[in-house]
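Trainee: Just so it is clear, I am handing over query-v1.cif, which has mmCIF, C-alpha atoms.
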```cif
data_data
#
loop_
_atom_site.label_atom_id
_atom_site.label_comp_id
_atom_site.auth_asym_id
_atom_site.auth_seq_id
_atom_site.Cartn_x
_atom_site.Cartn_y
_atom_site.Cartn_z
CA MET D 1 87.39 217.74 -158.61
CA HIS D 2 85.82 220.28 -156.29
CA LEU D 3 83.85 219.09 -153.25
CA VAL D 4 81.47 221.78 -151.96
CA ILE D 5 80.09 221.20 -148.48
CA ASP D 6 77.55 223.23 -146.55
CA GLY D 7 77.00 221.94 -143.02
CA HIS D 8 74.07 222.68 -140.73
CA GLY D 9 73.43 222.02 -137.06
CA CYS D 10 77.15 222.01 -136.31
CA ASP D 11 78.79 222.17 -132.92
CA PRO D 12 79.21 225.92 -132.15
CA GLU D 13 82.27 225.30 -129.99
CA LEU D 14 84.14 223.65 -132.82
CA LEU D 15 83.11 226.38 -135.24
CA SER D 16 84.34 229.08 -132.83
CA ASP D 17 87.80 227.66 -132.48
CA THR D 18 90.46 229.02 -134.83
CA GLU D 19 92.74 226.14 -133.85
CA VAL D 20 90.16 223.55 -134.98
CA VAL D 21 90.01 225.25 -138.38
CA ARG D 22 93.80 225.66 -138.53
CA GLU D 23 94.41 222.02 -137.67
CA PHE D 24 92.01 220.90 -140.38
CA LEU D 25 93.65 223.11 -143.02
CA ASP D 26 97.11 222.09 -141.90
CA LYS D 27 96.60 218.33 -141.75
CA TYR D 28 93.78 217.43 -144.12
CA PRO D 29 95.75 218.00 -147.34
CA ASP D 30 98.21 215.29 -146.29
CA ALA D 31 95.35 212.98 -145.33
CA ILE D 32 94.08 213.09 -148.91
CA SER D 33 97.52 213.17 -150.55
CA MET D 34 97.52 216.82 -151.53
CA THR D 35 100.52 219.11 -151.27
CA LYS D 36 100.23 222.31 -149.25
CA ILE D 37 102.21 225.19 -150.72
CA MET D 38 101.65 227.64 -147.85
CA THR D 39 100.96 227.76 -144.14
CA PRO D 40 97.19 227.96 -143.61
CA HIS D 41 95.75 231.44 -143.20
CA VAL D 42 93.04 231.57 -140.50
CA GLN D 43 91.26 234.58 -139.04
CA MET D 44 88.20 235.58 -137.03
CA TYR D 45 85.54 237.74 -138.59
CA ASN D 46 83.25 240.17 -136.77
CA GLY D 47 81.08 242.35 -138.97
CA PRO D 48 78.03 244.56 -138.85
CA VAL D 49 75.65 241.61 -138.32
CA PRO D 50 76.70 240.29 -134.90
CA GLU D 51 75.46 236.70 -135.43
CA ASP D 52 77.42 236.38 -138.68
CA TRP D 53 80.75 236.32 -136.84
CA GLY D 54 82.97 233.32 -137.37
CA VAL D 55 86.25 231.84 -138.49
CA SER D 56 87.53 231.88 -142.06
CA GLY D 57 90.57 230.05 -143.32
CA PHE D 58 92.19 228.69 -146.41
CA VAL D 59 95.24 226.85 -147.58
CA ILE D 60 96.57 226.75 -151.12
CA ILE D 61 97.53 223.28 -152.22
CA ALA D 62 99.30 222.43 -155.47
CA GLU D 63 97.12 224.13 -158.10
CA SER D 64 94.00 224.43 -155.96
CA HIS D 65 92.80 225.04 -152.38
CA ILE D 66 90.84 224.10 -149.30
CA SER D 67 88.73 226.75 -147.56
CA VAL D 68 86.52 226.92 -144.47
CA HIS D 69 84.03 229.56 -143.33
CA THR D 70 82.19 229.03 -140.04
CA PHE D 71 79.15 230.72 -138.44
CA PRO D 72 79.03 229.46 -134.84
CA ASP D 73 75.83 231.32 -133.91
CA ARG D 74 74.09 229.71 -136.86
CA GLY D 75 75.64 226.26 -136.47
CA TYR D 76 76.61 226.61 -140.11
CA LEU D 77 79.79 226.20 -142.12
CA ASN D 78 81.08 226.06 -145.69
CA VAL D 79 83.99 223.85 -146.69
CA ASP D 80 85.51 223.64 -150.16
CA VAL D 81 88.03 220.97 -151.11
CA PHE D 82 89.23 221.76 -154.60
CA SER D 83 91.96 219.56 -155.97
CA CYS D 84 93.42 219.08 -159.40
CA LYS D 85 93.76 215.43 -158.51
CA GLU D 86 90.88 213.03 -157.96
CA PHE D 87 90.17 212.08 -154.36
CA ASP D 88 87.57 210.03 -152.55
CA SER D 89 84.87 212.68 -152.16
CA ALA D 90 82.52 210.40 -150.20
CA LEU D 91 85.23 209.67 -147.65
CA ALA D 92 86.20 213.34 -147.46
CA GLU D 93 82.57 214.29 -146.90
CA ALA D 94 82.22 211.75 -144.09
CA GLU D 95 85.42 212.89 -142.43
CA ILE D 96 84.56 216.57 -142.66
CA LYS D 97 81.09 215.83 -141.29
CA SER D 98 82.59 214.12 -138.28
CA TYR D 99 85.40 216.58 -137.74
CA PHE D 100 83.12 219.63 -137.50
CA GLY D 101 80.19 217.87 -135.86
CA ILE D 102 77.88 218.47 -138.84
CA GLN D 103 74.32 217.17 -138.30
CA SER D 104 72.93 217.85 -141.76
CA ILE D 105 74.99 218.27 -144.90
CA ASP D 106 74.52 219.57 -148.43
CA SER D 107 77.35 218.45 -150.66
CA ARG D 108 78.10 218.77 -154.33
CA VAL D 109 80.95 217.54 -156.47
CA ILE D 110 81.98 219.69 -159.41
CA ASP D 111 84.08 218.19 -162.18
CA ARG D 112 86.83 220.72 -162.81
CA GLY D 113 90.60 220.97 -162.67
CA LEU D 114 93.41 219.66 -164.80
CA GLU D 115 92.07 216.14 -165.04
CA HIS D 116 89.08 217.51 -166.95
CA LEU D 117 91.19 219.53 -169.32
CA ASP D 118 91.73 218.80 -172.99
CA PRO D 119 94.95 220.17 -174.41
CA VAL D 120 94.23 223.71 -175.58
CA ASP D 121 96.57 225.87 -177.55
CA ALA D 122 97.13 229.13 -175.78
CA VAL D 123 95.61 231.87 -177.88
CA GLU D 124 96.92 235.34 -178.43
CA VAL D 125 94.31 237.75 -177.21
CA VAL D 126 93.37 241.10 -178.66
CA SER D 127 91.91 242.66 -175.63
CA GLY D 128 90.51 246.13 -175.60
CA GLU D 129 87.84 244.43 -173.52
CA ARG D 130 90.29 243.81 -170.74
CA GLU D 131 91.31 247.43 -170.61
CA ALA D 132 87.66 248.41 -170.21
CA VAL D 133 87.35 246.13 -167.20
CA GLN D 134 90.62 247.36 -165.78
CA GLN D 135 89.22 250.85 -165.88
CA ARG D 136 86.22 249.69 -163.89
CA LEU D 137 88.60 248.10 -161.41
CA MET R 138 75.95 232.50 -154.13
CA HIS R 139 79.11 230.88 -155.47
CA LEU R 140 80.19 231.54 -159.05
CA VAL R 141 82.55 228.84 -160.34
CA ILE R 142 84.47 229.74 -163.50
CA ASP R 143 86.84 227.60 -165.53
CA GLY R 144 88.42 229.49 -168.40
CA HIS R 145 90.14 228.05 -171.47
CA GLY R 146 92.25 229.58 -174.20
CA CYS R 147 93.36 232.41 -171.94
CA ASP R 148 96.17 234.84 -172.55
CA PRO R 149 99.32 233.18 -171.09
CA GLU R 150 100.93 236.51 -170.32
CA LEU R 151 98.06 237.58 -168.11
CA LEU R 152 98.00 234.21 -166.37
CA SER R 153 101.74 234.42 -165.67
CA ASP R 154 101.58 237.76 -163.95
CA THR R 155 101.20 237.73 -160.17
CA GLU R 156 100.32 241.43 -160.27
CA VAL R 157 97.37 240.78 -162.61
CA VAL R 158 96.03 238.21 -160.14
CA ARG R 159 96.78 240.43 -157.15
CA GLU R 160 95.04 243.44 -158.70
CA PHE R 161 91.97 241.35 -159.44
CA LEU R 162 91.79 240.02 -155.89
CA ASP R 163 92.47 243.43 -154.42
CA LYS R 164 89.96 245.43 -156.45
CA TYR R 165 87.20 243.10 -157.58
CA PRO R 166 85.57 242.73 -154.13
CA ASP R 167 84.88 246.47 -154.08
CA ALA R 168 83.57 246.37 -157.64
CA ILE R 169 80.87 243.91 -156.56
CA SER R 170 80.26 245.51 -153.12
CA MET R 171 82.04 242.87 -151.07
CA THR R 172 84.24 243.61 -148.08
CA LYS R 173 87.81 242.32 -148.05
CA ILE R 174 89.00 241.29 -144.61
CA MET R 175 92.62 240.62 -145.55
CA THR R 176 95.27 241.64 -148.05
CA PRO R 177 95.21 239.18 -150.96
CA HIS R 178 97.62 236.26 -150.74
CA VAL R 179 99.24 235.52 -154.12
CA GLN R 180 102.04 233.11 -154.96
CA MET R 181 103.70 231.30 -157.83
CA TYR R 182 103.60 227.54 -157.99
CA ASN R 183 106.18 225.27 -159.62
CA GLY R 184 105.71 221.58 -159.08
CA PRO R 185 106.84 218.22 -160.40
CA VAL R 186 104.88 218.63 -163.66
CA PRO R 187 106.60 221.59 -165.32
CA GLU R 188 103.62 222.69 -167.44
CA ASP R 189 101.37 222.87 -164.39
CA TRP R 190 103.16 225.91 -163.02
CA GLY R 191 101.11 229.01 -162.39
CA VAL R 192 99.81 231.64 -160.03
CA SER R 193 97.45 230.97 -157.13
CA GLY R 194 95.77 233.64 -155.08
CA PHE R 195 93.11 234.07 -152.49
CA VAL R 196 91.31 236.84 -150.64
CA ILE R 197 88.87 236.37 -147.79
CA ILE R 198 85.88 238.67 -147.98
CA ALA R 199 83.25 239.01 -145.26
CA GLU R 200 82.14 235.40 -144.67
CA SER R 201 83.40 234.02 -147.97
CA HIS R 202 86.20 234.34 -150.56
CA ILE R 203 87.50 234.88 -154.06
CA SER R 204 90.20 232.57 -155.42
CA VAL R 205 92.22 232.29 -158.62
CA HIS R 206 94.43 229.49 -159.95
CA THR R 207 96.18 229.95 -163.30
CA PHE R 208 97.99 227.57 -165.66
CA PRO R 209 99.74 229.75 -168.25
CA ASP R 210 101.16 226.87 -170.28
CA ARG R 211 97.68 225.43 -170.61
CA GLY R 212 95.87 228.74 -171.15
CA TYR R 213 93.61 227.63 -168.31
CA LEU R 214 92.39 229.18 -165.08
CA ASN R 215 89.91 228.62 -162.26
CA VAL R 216 88.16 231.51 -160.55
CA ASP R 217 85.74 231.22 -157.62
CA VAL R 218 83.65 234.13 -156.41
CA PHE R 219 81.84 232.99 -153.29
CA SER R 220 79.81 235.59 -151.49
CA CYS R 221 77.22 235.42 -148.75
CA LYS R 222 75.43 238.24 -150.54
CA GLU R 223 73.78 237.99 -153.94
CA PHE R 224 75.64 239.59 -156.82
CA ASP R 225 75.17 239.84 -160.57
CA SER R 226 76.81 236.59 -161.62
CA ALA R 227 76.32 237.21 -165.34
CA LEU R 228 78.09 240.56 -165.09
CA ALA R 229 80.85 239.06 -162.95
CA GLU R 230 81.33 236.28 -165.48
CA ALA R 231 81.60 238.78 -168.34
CA GLU R 232 84.06 240.94 -166.45
CA ILE R 233 86.25 238.02 -165.41
CA LYS R 234 86.20 236.70 -168.98
CA SER R 235 87.46 240.04 -170.26
CA TYR R 236 89.94 240.66 -167.48
CA PHE R 237 91.81 237.38 -167.97
CA GLY R 238 91.35 237.15 -171.74
CA ILE R 239 89.24 233.97 -171.53
CA GLN R 240 88.23 232.59 -174.94
CA SER R 241 85.95 229.80 -173.76
CA ILE R 242 84.30 229.59 -170.37
CA ASP R 243 82.54 227.00 -168.22
CA SER R 244 80.61 228.65 -165.44
CA ARG R 245 78.29 227.41 -162.75
CA VAL R 246 76.36 229.18 -160.03
CA ILE R 247 75.85 227.35 -156.75
CA ASP R 248 73.16 228.49 -154.33
CA ARG R 249 74.85 228.57 -150.96
CA GLY R 250 75.71 231.00 -148.20
CA LEU R 251 73.72 232.79 -145.54
CA GLU R 252 70.97 233.94 -147.87
CA HIS R 253 70.07 230.28 -148.40
CA LEU R 254 70.07 229.46 -144.72
CA ASP R 255 66.98 228.71 -142.65
CA PRO R 256 67.39 229.41 -138.96
CA VAL R 257 68.82 226.29 -137.39
CA ASP R 258 69.19 225.71 -133.72
CA ALA R 259 72.72 224.85 -132.89
CA VAL R 260 72.82 221.26 -131.71
CA GLU R 261 74.95 219.84 -128.97
CA VAL R 262 77.10 217.15 -130.51
CA VAL R 263 78.23 213.91 -128.96
CA SER R 264 81.18 213.17 -131.10
CA GLY R 265 83.31 210.15 -130.66
CA GLU R 266 83.28 210.26 -134.43
CA ARG R 267 85.24 213.48 -134.42
CA GLU R 268 87.93 211.99 -132.23
CA ALA R 269 88.32 209.13 -134.66
CA VAL R 270 88.90 211.58 -137.48
CA GLN R 271 91.27 213.63 -135.35
CA GLN R 272 93.33 210.51 -134.85
CA ARG R 273 93.49 210.07 -138.60
CA LEU R 274 94.61 213.69 -138.84
#
```
Kindly present the structure from the file in structure tokens form.
Mentor:
Amino acid sequence: MHLVIDGHGCDPELLSDTEVVREFLDKYPDAISMTKIMTPHVQMYNGPVPEDWGVSGFVIIAESHISVHTFPDRGYLNVDVFSCKEFDSALAEAEIKSYFGIQSIDSRVIDRGLEHLDPVDAVEVVSGEREAVQQRL
Amino acid sequence: MHLVIDGHGCDPELLSDTEVVREFLDKYPDAISMTKIMTPHVQMYNGPVPEDWGVSGFVIIAESHISVHTFPDRGYLNVDVFSCKEFDSALAEAEIKSYFGIQSIDSRVIDRGLEHLDPVDAVEVVSGEREAVQQRL
């Protein structure tokens, strides 16, 4: 299950604060019974478009991840909560909305991950194709 | 634009190789004109369910990210290419399919990111709600 959240009209102060993002990535996995397998990575971004600056962060949890990208000058953020286990997406949405001071939210739930997987035999691949892409890379 | 790929019947050897994942995360942003803002983070995962082991990796690009989670014993992987700029999602899907030796693919494209954003005035937030969630955290 992958919860995709785009928040509008958010509190710019919260979105500017690397510690707010770090705390979310550090503590939210536990709150929804997921297992972090790294310390969250959080960093500021300043690029060629000044008003697109913001905070980006992610944490890998067992077999999946949580990520955050904020745009304080636009009052906008993106949050992804992707878990291989089911979780209460409505509750997560409400909590994320409150935590980041989101006024208006677009959210989507994508069915993916191990719980949507039928057993598949691994297949031996003949892959000249892959080499072609590697050359492009 | 966020391209969500779930691949089945993949080559287990490719999915087992941290360097295959690292090379993808390191080089693919350039191939689709995105700007990395960190060195890719890649790690192995071994958890309580032995056959769920795999490689997880992440790279933050300007304002968004690319992530990979592999499950070699299941021939399964998840790739997300989330960019604030438009890119050729059909080409990206074809290249990712070849690169990881994917036999069968589920892909979705989600319209999100700055190019889908109307100007929104940042709103001052009165947020007792947030404190309640912080307490839960």
Trainee: Can you work out the spacing between atom CA of D:Pro40 and atom CA of R:Val196 in Å, to one decimal?
Mentor: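 If I compute the distance from atom CA of D:Pro40 to atom CA of R:Val196, I get 12.8 Å.
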Trainee: Report, in Å to a single decimal, how far apart atom CA of D:His65 and atom CA of D:Gln103 are.
Mentor: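 Going from atom CA of D:Gln103 over to atom CA of D:His65, I get 24.5 Å.
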Trainee: Please expand the PyMOL selection byres ((chain R and resi 143) around 7) into the concrete residues it hits in this file, giving the result as a list in words.
Mentor: Val141, Ile142, Gly144, His145, Leu214, Asn215, Val216, Ile242, Asp243 and Ser244 of chain R
Trainee: Since I can't run it myself right now, could you work out what the PyMOL selection byres ((chain D and resi 111) around 9) selects here and report it as a list in words?
Mentor: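 Answer for the PyMOL selection byres ((chain D and resi 111) around 9): Met1, His2, Leu3, Val109, Ile110, Arg112, Gly113, Glu115 and His116 of chain D.
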Trainee: Could those selected residues go to a file with C-alpha atoms, as a PDB file, in the frame of the given file?
Mentor:
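After the write, out02.pdb holds the following:
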```pdb
ATOM      1  CA  MET D   1      87.390 217.740-158.610  1.00  0.00           C
ATOM      2  CA  HIS D   2      85.820 220.280-156.290  1.00  0.00           C
ATOM      3  CA  LEU D   3      83.850 219.090-153.250  1.00  0.00           C
ATOM      4  CA  VAL D 109      80.950 217.540-156.470  1.00  0.00           C
ATOM      5  CA  ILE D 110      81.980 219.690-159.410  1.00  0.00           C
ATOM      6  CA  ARG D 112      86.830 220.720-162.810  1.00  0.00           C
ATOM      7  CA  GLY D 113      90.600 220.970-162.670  1.00  0.00           C
ATOM      8  CA  GLU D 115      92.070 216.140-165.040  1.00  0.00           C
ATOM      9  CA  HIS D 116      89.080 217.510-166.950  1.00  0.00           C
TER      10      HIS D 116
END
```
Trainee: Atom CA of R:Glu160 and atom CA of R:Met175 are how many Å apart?
Mentor: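 Separation between atom CA of R:Glu160 and atom CA of R:Met175: 13.7 Å.
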Trainee: I need the residue set behind the PyMOL selection byres ((chain R and resi 198) around 8) for this file; please write it as an mmCIF file with C-alpha atoms, in the frame of the given file.
Mentor:
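Full text of selection-v6.cif as output:
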```
data_model
loop_
_atom_site.group_PDB
_atom_site.id
_atom_site.type_symbol
_atom_site.label_atom_id
_atom_site.label_comp_id
_atom_site.auth_asym_id
_atom_site.auth_seq_id
_atom_site.Cartn_x
_atom_site.Cartn_y
_atom_site.Cartn_z
ATOM 1 C CA PRO R 166 85.570 242.730 -154.130
ATOM 2 C CA MET R 171 82.040 242.870 -151.070
ATOM 3 C CA THR R 172 84.240 243.610 -148.080
ATOM 4 C CA LYS R 173 87.810 242.320 -148.050
ATOM 5 C CA ILE R 174 89.000 241.290 -144.610
ATOM 6 C CA MET R 175 92.620 240.620 -145.550
ATOM 7 C CA VAL R 196 91.310 236.840 -150.640
ATOM 8 C CA ILE R 197 88.870 236.370 -147.790
ATOM 9 C CA ALA R 199 83.250 239.010 -145.260
ATOM 10 C CA GLU R 200 82.140 235.400 -144.670
ATOM 11 C CA SER R 201 83.400 234.020 -147.970
ATOM 12 C CA HIS R 202 86.200 234.340 -150.560
ATOM 13 C CA ILE R 203 87.500 234.880 -154.060
ATOM 14 C CA SER R 220 79.810 235.590 -151.490
#
```
Trainee: Using the file's own x, y and z axes, so that the box edges lie along x, y and z, what centre and edge lengths in Å (one decimal) does a box around every listed atom of stretch 68-76 of chain D get when 6 Å is added on each side? Give it as lines of an AutoDock Vina configuration file.
Mentor:
```
center_x = 80.3
center_y = 228.8
center_z = -139.2
size_x = 24.4
size_y = 17.1
size_z = 22.6
```
Trainee: In terms of the shortest atom-to-atom distance over all atoms listed in the file, which of D:Glu51, D:Ser16, D:Phe87, D:Gly9 is closest to chain R?
Mentor: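 Checking each of D:Glu51, D:Ser16, D:Phe87, D:Gly9 against chain R, counting all atoms listed in the file, the winner is D:Gly9.
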